[in-house]
file input02.tsv (TSV, C-alpha atoms)
chain	number	residue	atom	x	y	z
A	1	MET	CA	41.66	30.06	68.70
A	2	THR	CA	44.52	31.17	70.95
A	3	GLU	CA	47.09	30.28	68.31
A	4	ASP	CA	45.16	32.31	65.75
A	5	MET	CA	45.13	35.36	68.06
A	6	ASN	CA	48.84	35.01	68.73
A	7	GLN	CA	49.46	34.75	65.02
A	8	ILE	CA	47.43	37.90	64.44
A	9	GLU	CA	49.39	39.74	67.12
A	10	LEU	CA	52.70	38.56	65.74
A	11	ASN	CA	51.80	39.55	62.23
A	12	SER	CA	50.67	43.00	63.38
A	13	LEU	CA	54.13	43.91	64.78
A	14	ASP	CA	57.13	44.44	62.55
A	15	VAL	CA	60.78	45.21	63.11
A	16	GLY	CA	61.14	48.88	63.91
A	17	ASP	CA	57.72	49.23	65.53
A	18	ARG	CA	57.54	51.16	68.81
A	19	ILE	CA	55.76	49.44	71.69
A	20	THR	CA	55.24	49.97	75.42
A	21	GLY	CA	56.15	47.16	77.79
A	22	THR	CA	56.24	46.48	81.50
A	23	VAL	CA	59.14	44.58	83.07
A	24	THR	CA	57.85	41.33	84.58
A	25	LYS	CA	61.13	39.62	85.36
A	26	VAL	CA	64.78	40.68	85.53
A	27	GLU	CA	67.30	37.96	84.88
A	28	GLU	CA	71.06	38.34	84.88
A	29	LYS	CA	71.49	38.66	81.11
A	30	GLN	CA	67.99	39.52	79.89
A	31	VAL	CA	64.70	41.12	80.83
A	32	LEU	CA	61.20	39.73	80.25
A	33	VAL	CA	58.53	42.21	79.27
A	34	ASP	CA	54.75	42.16	79.09
A	35	VAL	CA	53.95	43.95	75.83
A	36	GLN	CA	50.97	46.29	76.03
A	37	ASN	CA	47.95	45.27	73.95
A	38	SER	CA	49.65	42.04	73.01
A	39	LYS	CA	49.47	38.48	74.23
A	40	VAL	CA	53.01	37.88	73.07
A	41	ASP	CA	55.80	38.42	75.57
A	42	GLY	CA	58.90	40.33	74.77
A	43	ILE	CA	62.52	39.88	75.76
A	44	ILE	CA	65.28	42.50	76.02
A	45	PRO	CA	68.83	41.06	75.76
A	46	ILE	CA	71.26	42.73	78.16
A	47	SER	CA	73.13	44.22	75.19
A	48	GLU	CA	69.98	46.13	74.23
A	49	LEU	CA	69.39	47.71	77.63
A	50	SER	CA	71.94	50.51	77.45
A	51	SER	CA	74.47	52.17	75.20
A	52	LEU	CA	77.05	51.42	77.89
A	53	HIS	CA	78.46	48.07	78.92
A	54	VAL	CA	76.16	46.44	81.51
A	55	GLU	CA	77.27	43.66	83.86
A	56	LYS	CA	73.80	42.84	85.24
A	57	ALA	CA	70.37	43.68	83.85
A	58	SER	CA	69.27	44.72	87.34
A	59	ASP	CA	71.73	47.62	87.12
A	60	VAL	CA	69.48	49.21	84.49
A	61	VAL	CA	65.86	48.19	85.14
A	62	LYS	CA	63.65	46.62	87.82
A	63	GLU	CA	60.35	44.77	87.85
A	64	GLY	CA	57.37	47.01	87.25
A	65	ASP	CA	59.27	49.56	85.13
A	66	GLU	CA	57.29	50.71	82.11
A	67	LEU	CA	59.57	51.05	79.11
A	68	GLU	CA	59.32	52.41	75.60
A	69	LEU	CA	60.87	49.82	73.29
A	70	VAL	CA	61.44	49.06	69.63
A	71	VAL	CA	60.99	45.67	67.97
A	72	THR	CA	64.28	44.36	66.60
A	73	LYS	CA	63.18	40.84	65.74
A	74	VAL	CA	59.90	38.90	65.50
A	75	GLU	CA	60.25	35.25	66.48
A	76	GLU	CA	57.63	32.57	67.01
A	77	GLU	CA	55.62	33.59	70.07
A	78	LEU	CA	58.35	36.05	71.11
A	79	LEU	CA	59.40	39.61	70.40
A	80	VAL	CA	63.02	40.68	70.69
A	81	LEU	CA	63.06	44.26	71.88
A	82	SER	CA	65.55	47.07	72.41
A	83	LYS	CA	65.52	49.82	74.97
A	84	ARG	CA	68.92	51.07	73.84
A	85	LYS	CA	67.77	52.07	70.35
A	86	VAL	CA	64.78	54.04	71.61
A	87	ASP	CA	66.92	55.80	74.19
A	88	ALA	CA	69.58	56.52	71.58
A	89	GLU	CA	67.12	57.97	69.10
A	90	LYS	CA	65.67	60.29	71.72
A	91	ALA	CA	69.11	61.05	73.06
A	92	TRP	CA	70.56	62.06	69.68
A	93	ASP	CA	67.68	64.50	69.15
A	94	GLU	CA	68.31	65.97	72.58
A	95	MET	CA	72.08	66.05	72.07
A	96	LYS	CA	71.67	67.91	68.76
A	97	ARG	CA	69.51	70.49	70.49
A	98	ARG	CA	72.04	70.93	73.30
A	99	PHE	CA	74.94	71.12	70.84
A	100	GLU	CA	73.28	73.82	68.73
A	101	ALA	CA	72.29	75.80	71.83
A	102	GLU	CA	75.77	75.35	73.39
A	103	GLU	CA	73.91	74.26	76.50
A	104	VAL	CA	75.64	73.38	79.76
A	105	PHE	CA	74.15	70.34	81.49
A	106	GLU	CA	74.94	68.03	84.39
A	107	ALA	CA	75.53	64.30	84.12
A	108	GLU	CA	77.07	61.46	86.11
A	109	VAL	CA	80.40	59.92	85.20
A	110	LYS	CA	79.58	56.25	84.68
A	111	ASP	CA	83.04	54.90	84.07
A	112	VAL	CA	86.74	55.71	83.87
A	113	VAL	CA	88.49	54.25	80.84
A	114	LYS	CA	91.87	54.61	79.21
A	115	GLY	CA	92.10	58.13	77.88
A	116	GLY	CA	89.17	59.68	79.70
A	117	LEU	CA	85.67	59.38	81.17
A	118	VAL	CA	82.41	57.82	79.98
A	119	VAL	CA	79.00	59.44	80.48
A	120	ASP	CA	75.61	57.84	79.76
A	121	LEU	CA	73.27	60.29	78.06
A	122	GLY	CA	71.12	57.71	76.35
A	123	VAL	CA	74.09	57.44	74.04
A	124	ARG	CA	77.67	57.02	75.06
A	125	GLY	CA	79.39	60.30	75.72
A	126	PHE	CA	83.18	60.40	75.95
A	127	VAL	CA	85.26	62.99	77.79
A	128	PRO	CA	88.93	62.92	76.69
A	129	ALA	CA	91.42	63.36	79.55
A	130	SER	CA	92.51	66.71	78.13
A	131	LEU	CA	88.92	68.01	78.33
A	132	VAL	CA	88.19	67.03	81.93
A	133	GLU	CA	89.84	69.96	83.74
A	134	ASP	CA	91.80	73.07	82.86
A	135	TYR	CA	94.78	71.59	84.69
A	136	TYR	CA	96.64	68.26	84.53
A	137	VAL	CA	94.96	65.36	86.35
A	138	GLU	CA	97.12	62.33	87.03
A	139	ASP	CA	94.46	59.88	88.29
A	140	PHE	CA	90.78	59.95	87.27
A	141	GLU	CA	89.54	57.13	89.54
A	142	ASP	CA	87.89	59.58	91.94
A	143	TYR	CA	85.72	60.91	89.11
A	144	LYS	CA	83.63	57.76	88.78
A	145	GLY	CA	80.12	58.40	90.17
A	146	ARG	CA	80.64	62.15	90.34
A	147	ASN	CA	78.22	64.61	88.74
A	148	LEU	CA	79.95	67.14	86.49
A	149	THR	CA	78.79	69.87	84.15
A	150	PHE	CA	79.47	69.41	80.44
A	151	LYS	CA	79.21	71.00	77.03
A	152	ILE	CA	79.09	69.03	73.78
A	153	VAL	CA	82.12	69.93	71.66
A	154	GLU	CA	81.72	67.35	68.88
A	155	LEU	CA	78.71	65.40	67.58
A	156	ASP	CA	78.48	62.84	64.75
A	157	GLU	CA	75.44	60.55	64.91
A	158	GLU	CA	76.50	58.44	61.93
A	159	LYS	CA	79.80	57.59	63.59
A	160	ASN	CA	78.11	57.35	67.00
A	161	ARG	CA	80.59	59.97	68.22
A	162	LEU	CA	79.70	62.31	71.08
A	163	ILE	CA	82.57	64.25	72.67
A	164	LEU	CA	81.95	66.16	75.89
A	165	SER	CA	84.04	68.72	77.76
A	166	HIS	CA	83.95	69.74	81.40
A	167	ARG	CA	87.00	71.92	80.82
A	168	ALA	CA	85.02	74.14	78.41
A	169	VAL	CA	82.45	74.76	81.16
A	170	VAL	CA	85.14	75.62	83.72
A	171	GLU	CA	86.93	77.96	81.32
A	172	GLY	CA	83.64	79.59	80.37
A	173	GLU	CA	82.75	80.17	84.01
A	174	LYS	CA	86.19	81.63	84.69
A	175	ALA	CA	85.90	83.91	81.67
A	176	GLU	CA	82.56	85.24	82.91
A	177	GLN	CA	83.93	85.60	86.42
A	178	LYS	CA	86.98	87.41	85.06
A	179	LYS	CA	84.83	89.76	82.99
A	180	ALA	CA	82.64	90.61	85.97
A	181	LEU	CA	85.66	91.14	88.20
A	182	LEU	CA	87.40	93.36	85.65
A	183	GLU	CA	84.28	95.50	85.52
A	184	SER	CA	83.93	95.76	89.29
A	185	ILE	CA	87.43	96.34	90.64
A	186	GLN	CA	88.94	99.81	90.76
A	187	ALA	CA	92.38	101.27	91.38
A	188	ASP	CA	93.20	101.56	95.11
A	189	ASP	CA	90.95	98.59	96.02
A	190	VAL	CA	92.56	96.34	98.64
A	191	LEU	CA	91.83	92.64	98.04
A	192	ASP	CA	92.74	89.22	99.37
A	193	GLY	CA	94.56	86.92	96.96
A	194	THR	CA	96.62	83.78	96.51
A	195	VAL	CA	100.03	83.59	94.85
A	196	GLN	CA	99.53	81.41	91.77
A	197	ARG	CA	102.81	81.65	89.89
A	198	ILE	CA	106.25	83.17	90.44
A	199	THR	CA	108.45	84.53	87.65
A	200	ASP	CA	111.75	86.38	87.50
A	201	PHE	CA	109.93	89.71	87.18
A	202	GLY	CA	107.26	89.24	89.85
A	203	ALA	CA	104.36	87.11	91.05
A	204	PHE	CA	100.88	86.45	89.64
A	205	VAL	CA	98.19	86.60	92.30
A	206	ASP	CA	94.66	85.18	91.95
A	207	ILE	CA	92.20	87.74	93.31
A	208	GLY	CA	89.03	85.72	92.78
A	209	GLY	CA	89.04	84.18	89.32
A	210	VAL	CA	91.49	86.51	87.65
A	211	ASP	CA	95.25	86.88	88.03
A	212	GLY	CA	97.02	90.18	88.53
A	213	LEU	CA	100.75	90.87	88.40
A	214	VAL	CA	102.72	92.06	91.39
A	215	HIS	CA	105.92	93.40	89.82
A	216	ILE	CA	109.13	92.62	91.68
A	217	SER	CA	109.38	96.31	92.62
A	218	GLN	CA	105.97	96.06	94.35
A	219	LEU	CA	106.69	92.99	96.48
A	220	SER	CA	108.41	94.71	99.38
A	221	HIS	CA	109.68	98.04	100.62
A	222	GLN	CA	113.10	96.46	100.67
A	223	HIS	CA	115.17	95.65	97.60
A	224	VAL	CA	114.24	92.20	96.28
A	225	GLU	CA	116.71	90.08	94.32
A	226	LYS	CA	114.30	87.22	93.54
A	227	PRO	CA	110.51	87.15	94.02
A	228	SER	CA	110.84	83.67	95.54
A	229	ASP	CA	112.79	85.25	98.41
A	230	VAL	CA	109.62	87.10	99.44
A	231	VAL	CA	106.59	85.00	98.40
A	232	GLU	CA	105.79	81.38	97.57
A	233	GLU	CA	103.11	79.67	95.48
A	234	GLY	CA	99.88	79.11	97.42
A	235	GLN	CA	100.63	81.89	99.89
A	236	LYS	CA	97.69	84.05	100.98
A	237	VAL	CA	98.46	87.75	100.53
A	238	GLN	CA	96.75	91.11	100.62
A	239	VAL	CA	97.18	93.30	97.55
A	240	LYS	CA	96.32	96.81	96.46
A	241	VAL	CA	95.08	97.44	92.91
A	242	LEU	CA	97.38	99.87	91.14
A	243	SER	CA	95.70	99.87	87.73
A	244	VAL	CA	93.16	97.95	85.61
A	245	ASP	CA	93.51	97.59	81.83
A	246	ARG	CA	90.11	96.14	80.88
A	247	ASP	CA	90.79	96.05	77.15
A	248	ASN	CA	93.88	93.88	77.57
A	249	GLU	CA	92.61	92.19	80.75
A	250	ARG	CA	95.66	93.20	82.77
A	251	ILE	CA	95.69	94.10	86.43
A	252	SER	CA	98.68	95.61	88.23
A	253	LEU	CA	98.87	94.87	91.94
A	254	SER	CA	101.06	95.76	94.89
A	255	ILE	CA	101.83	93.90	98.09
A	256	LYS	CA	104.19	96.65	99.21
A	257	GLU	CA	101.39	99.21	99.34
A	258	THR	CA	99.51	97.12	101.93
A	259	LEU	CA	102.49	96.85	104.29
A	260	PRO	CA	103.60	99.41	106.90
A	261	GLY	CA	106.06	101.72	105.16
A	262	PRO	CA	109.68	101.94	106.24
A	263	TRP	CA	109.12	105.63	107.02
A	264	THR	CA	106.39	104.85	109.53
A	265	ASP	CA	107.41	106.20	112.97
A	266	LEU	CA	110.82	107.17	111.60
A	267	GLY	CA	110.60	110.42	113.54
A	268	ASP	CA	110.52	108.35	116.74
A	269	LYS	CA	113.18	105.88	115.64
A	270	ALA	CA	115.62	108.48	114.36
A	271	PRO	CA	115.00	111.97	115.77
A	272	ARG	CA	117.32	114.86	115.02
A	273	GLY	CA	120.78	114.28	116.47
A	274	THR	CA	120.60	110.47	116.32
A	275	VAL	CA	123.76	108.70	115.16
A	276	LEU	CA	123.10	105.76	112.83
A	277	ASP	CA	125.05	103.15	110.92
A	278	GLY	CA	124.39	103.22	107.21
A	279	THR	CA	125.48	102.01	103.79
A	280	VAL	CA	126.29	104.26	100.86
A	281	ARG	CA	123.85	103.22	98.10
A	282	ARG	CA	124.26	105.94	95.47
A	283	LEU	CA	126.73	108.70	94.76
A	284	VAL	CA	125.56	111.78	92.85
A	285	SER	CA	127.21	115.09	92.04
A	286	TYR	CA	125.54	116.85	94.97
A	287	GLY	CA	126.02	114.19	97.65
A	288	ALA	CA	125.53	110.59	98.74
A	289	PHE	CA	122.40	108.59	99.51
A	290	VAL	CA	122.89	106.43	102.57
A	291	GLU	CA	120.51	103.63	103.60
A	292	VAL	CA	120.03	103.72	107.36
A	293	PHE	CA	117.02	101.36	107.62
A	294	PRO	CA	115.68	98.85	105.08
A	295	GLY	CA	113.97	100.98	102.45
A	296	VAL	CA	115.00	104.29	104.05
A	297	GLU	CA	117.69	106.38	102.42
A	298	GLY	CA	118.86	109.78	103.53
A	299	LEU	CA	120.92	112.37	101.72
A	300	VAL	CA	124.34	113.41	102.90
A	301	HIS	CA	124.82	116.67	100.99
A	302	ILE	CA	128.31	117.17	99.58
A	303	SER	CA	128.82	119.97	102.12
A	304	GLN	CA	128.14	117.45	104.92
A	305	ILE	CA	130.51	114.72	103.75
A	306	SER	CA	133.85	116.06	104.93
A	307	HIS	CA	135.37	118.98	106.81
A	308	LYS	CA	137.83	119.26	103.93
A	309	HIS	CA	136.78	120.77	100.64
A	310	ILE	CA	135.95	118.07	98.07
A	311	GLY	CA	134.99	118.40	94.44
A	312	THR	CA	132.85	115.27	94.21
A	313	PRO	CA	131.59	112.67	96.73
A	314	HIS	CA	133.59	110.03	94.84
A	315	GLU	CA	136.79	111.48	96.29
A	316	VAL	CA	136.02	110.14	99.76
A	317	LEU	CA	133.13	107.65	99.43
A	318	THR	CA	132.35	104.50	97.45
A	319	GLU	CA	129.04	102.73	96.91
A	320	GLY	CA	128.58	99.91	99.42
A	321	GLN	CA	130.80	101.63	102.01
A	322	GLU	CA	129.66	101.42	105.64
A	323	VAL	CA	129.53	104.82	107.35
A	324	LYS	CA	128.25	106.49	110.48
A	325	VAL	CA	125.86	109.40	109.99
A	326	LYS	CA	124.12	111.95	112.16
A	327	VAL	CA	120.49	112.90	111.57
A	328	LEU	CA	120.16	116.61	110.80
A	329	ASP	CA	116.47	116.67	109.88
A	330	VAL	CA	113.52	114.26	109.40
A	331	ASN	CA	110.47	114.94	107.22
A	332	VAL	CA	108.29	111.82	107.34
A	333	ASN	CA	105.50	113.28	105.19
A	334	ASP	CA	107.84	114.07	102.30
A	335	GLN	CA	110.06	111.06	103.11
A	336	ARG	CA	113.17	113.18	103.33
A	337	LEU	CA	116.06	112.54	105.66
A	338	SER	CA	119.06	114.89	105.92
A	339	LEU	CA	122.26	113.33	107.22
A	340	SER	CA	125.80	114.38	107.99
A	341	ILE	CA	129.12	112.55	108.09
A	342	LYS	CA	131.14	115.73	108.67
A	343	GLU	CA	129.57	116.53	112.02
A	344	LEU	CA	130.72	113.22	113.42
A	345	GLU	CA	134.23	113.82	112.06
A	346	GLU	CA	134.29	117.25	113.76
A	347	GLN	CA	133.19	115.69	117.04
A	348	ARG	CA	135.95	113.11	116.78
A	349	SER	CA	138.52	115.82	115.89
A	350	GLU	CA	137.47	117.98	118.85
A	351	GLY	CA	137.80	114.95	121.07
A	352	LYS	CA	141.35	114.41	119.85
A	353	ARG	CA	142.27	118.06	120.36
A	354	GLU	CA	140.96	118.01	123.93
A	355	GLN	CA	142.98	114.88	124.56
A	356	SER	CA	146.17	116.51	123.13
A	357	TYR	CA	145.98	119.77	125.08
A	358	SER	CA	144.48	118.53	128.33
A	359	LEU	CA	147.06	117.36	130.86
A	360	PRO	CA	146.54	115.79	134.29
A	361	GLU	CA	146.50	118.19	137.22
A	362	GLU	CA	149.58	116.51	138.69
A	363	SER	CA	151.51	117.05	135.48
A	364	LYS	CA	150.44	120.70	135.34
A	365	GLY	CA	151.62	121.37	138.87
A	366	PHE	CA	154.90	119.62	138.40
A	367	GLN	CA	155.80	121.55	135.24
A	368	LEU	CA	154.88	124.92	136.84
A	369	GLY	CA	157.11	124.26	139.86
A	370	GLU	CA	160.03	123.39	137.69
A	371	MET	CA	159.59	126.55	135.66
A	372	ILE	CA	159.52	128.75	138.85
A	373	GLY	CA	162.51	126.95	140.24
A	374	ASP	CA	164.49	127.60	137.10
A	375	LYS	CA	163.68	131.33	137.17
A	376	LEU	CA	164.75	131.66	140.81
A	377	LYS	CA	168.05	130.06	139.98
A	378	ASP	CA	168.61	132.64	137.26
A	379	LEU	CA	167.99	135.55	139.71
A	380	LYS	CA	170.60	134.23	142.11
call {"tool": "encode", "arguments": {"input": "input02.tsv", "output": "structure tokens"}}
result
Amino acid sequence: MTEDMNQIELNSLDVGDRITGTVTKVEEKQVLVDVQNSKVDGIIPISELSSLHVEKASDVVKEGDELELVVTKVEEELLVLSKRKVDAEKAWDEMKRRFEAEEVFEAEVKDVVKGGLVVDLGVRGFVPASLVEDYYVEDFEDYKGRNLTFKIVELDEEKNRLILSHRAVVEGEKAEQKKALLESIQADDVLDGTVQRITDFGAFVDIGGVDGLVHISQLSHQHVEKPSDVVEEGQKVQVKVLSVDRDNERISLSIKETLPGPWTDLGDKAPRGTVLDGTVRRLVSYGAFVEVFPGVEGLVHISQISHKHIGTPHEVLTEGQEVKVKVLDVNVNDQRLSLSIKELEEQRSEGKREQSYSLPEESKGFQLGEMIGDKLKDLK
């Protein structure tokens, strides 16, 4: 009677049938299952537990787990079952839905292999190395066991090909962040940033998901030969927004505008009458511009260059020449500084004249006595 019942049960199940089973025993390379509504036991080979390589069956299931399985083979008094095929069938349906919806989802990295990462989604998902991050990663060992967000970028069920990308998620998030930032920031905003990249013409600064350019002329109040002389990659800086081009996603920034200007307190540092050392920076038809402090140039009008009449400043000055100047006037608000070279020359000339015509008292007395003595001799 028992044999007849078993035969009936066996005959009622065919390859491809779905059944529900409960794990009764987990061995190293297989799992024994009590098949619901059947007196015939089932067995799941380790290769049919998961779409990924499994070392031990206990890594996938445990006793008491209720599983949905498919019959792959009907043997005498035994059913060979597969969990992998059921999982894969469900997984492909889910993956197609996610792919069409461009859905972002989270999953654990199960393994690191040559060329990328492996993710178990019911089917094997592969993440090529180039699609892991939006920057170069030398060693992926730390990624094993980590949960990352992914998007499906390629799906082919017939070829069992499922390609995932974490990079696409990161780039998408940055694009949204950039869009939001471009909409929110305004000219004259002062923001914190990090120097990301240095070029010959300036430095790109990350201000929270979007890079802005600090042109070389906006790095410092002083003349800058190379941006690397002033900033370095990774440096934290404060920047002022000069302009925002939302259509072209370009942001112009300034570090210089956040720093104390060279004209700050110039009235205290160089009041009228102060004598300063300076360098001739530019010669023009009406005078010479002399730098007296870093970033501070004053004008020596042509009438204040020399006591002698000159046709052009080039007659007596050259660019790069070191000179002494006297402050005639300071206008900090308009950033104007009037200087004179001539006044110092006149002071030096007067000093020489005083030295030439001034004689010691002893000398004066001696010469006067001699003159009187000579006149008395003449009268005799």
call {"tool": "closest_residue", "arguments": {"input": "input02.tsv", "among": "A:Val284, A:His301, A:Gln218, A:Ala187", "to": "Leu259 of chain A", "atoms": "only C-alpha atoms"}}
result
A:Gln218
call {"tool": "closest_residue", "arguments": {"input": "input02.tsv", "among": "A:Tyr136, A:Tyr143, A:Phe289, A:Phe105", "to": "Val169 of chain A", "atoms": "only C-alpha atoms"}}
result
A:Phe105
call {"tool": "closest_atom_pairs", "arguments": {"input": "input02.tsv", "of": "segment 37-80 of chain A", "to": "segment 114-129 of chain A", "cutoff": "9 Å", "atoms": "all atoms listed in the file", "output": "tab-separated table"}}
result
residue	atom	partner	partner_atom	distance
A:Ser50	CA	A:Gly122	CA	7.3
A:Ser51	CA	A:Val123	CA	5.4
A:Leu52	CA	A:Arg124	CA	6.3
call {"tool": "closest_residue", "arguments": {"input": "input02.tsv", "among": "A:Lys39, A:Arg282, A:Arg272, A:Lys342", "to": "Leu328 of chain A", "atoms": "all atoms listed in the file"}}
result
A:Arg272
call {"tool": "atom_distance", "arguments": {"input": "input02.tsv", "atom1": "atom CA of Glu108 of chain A", "atom2": "atom CA of Asp134 of chain A"}}
result
19.0 Å
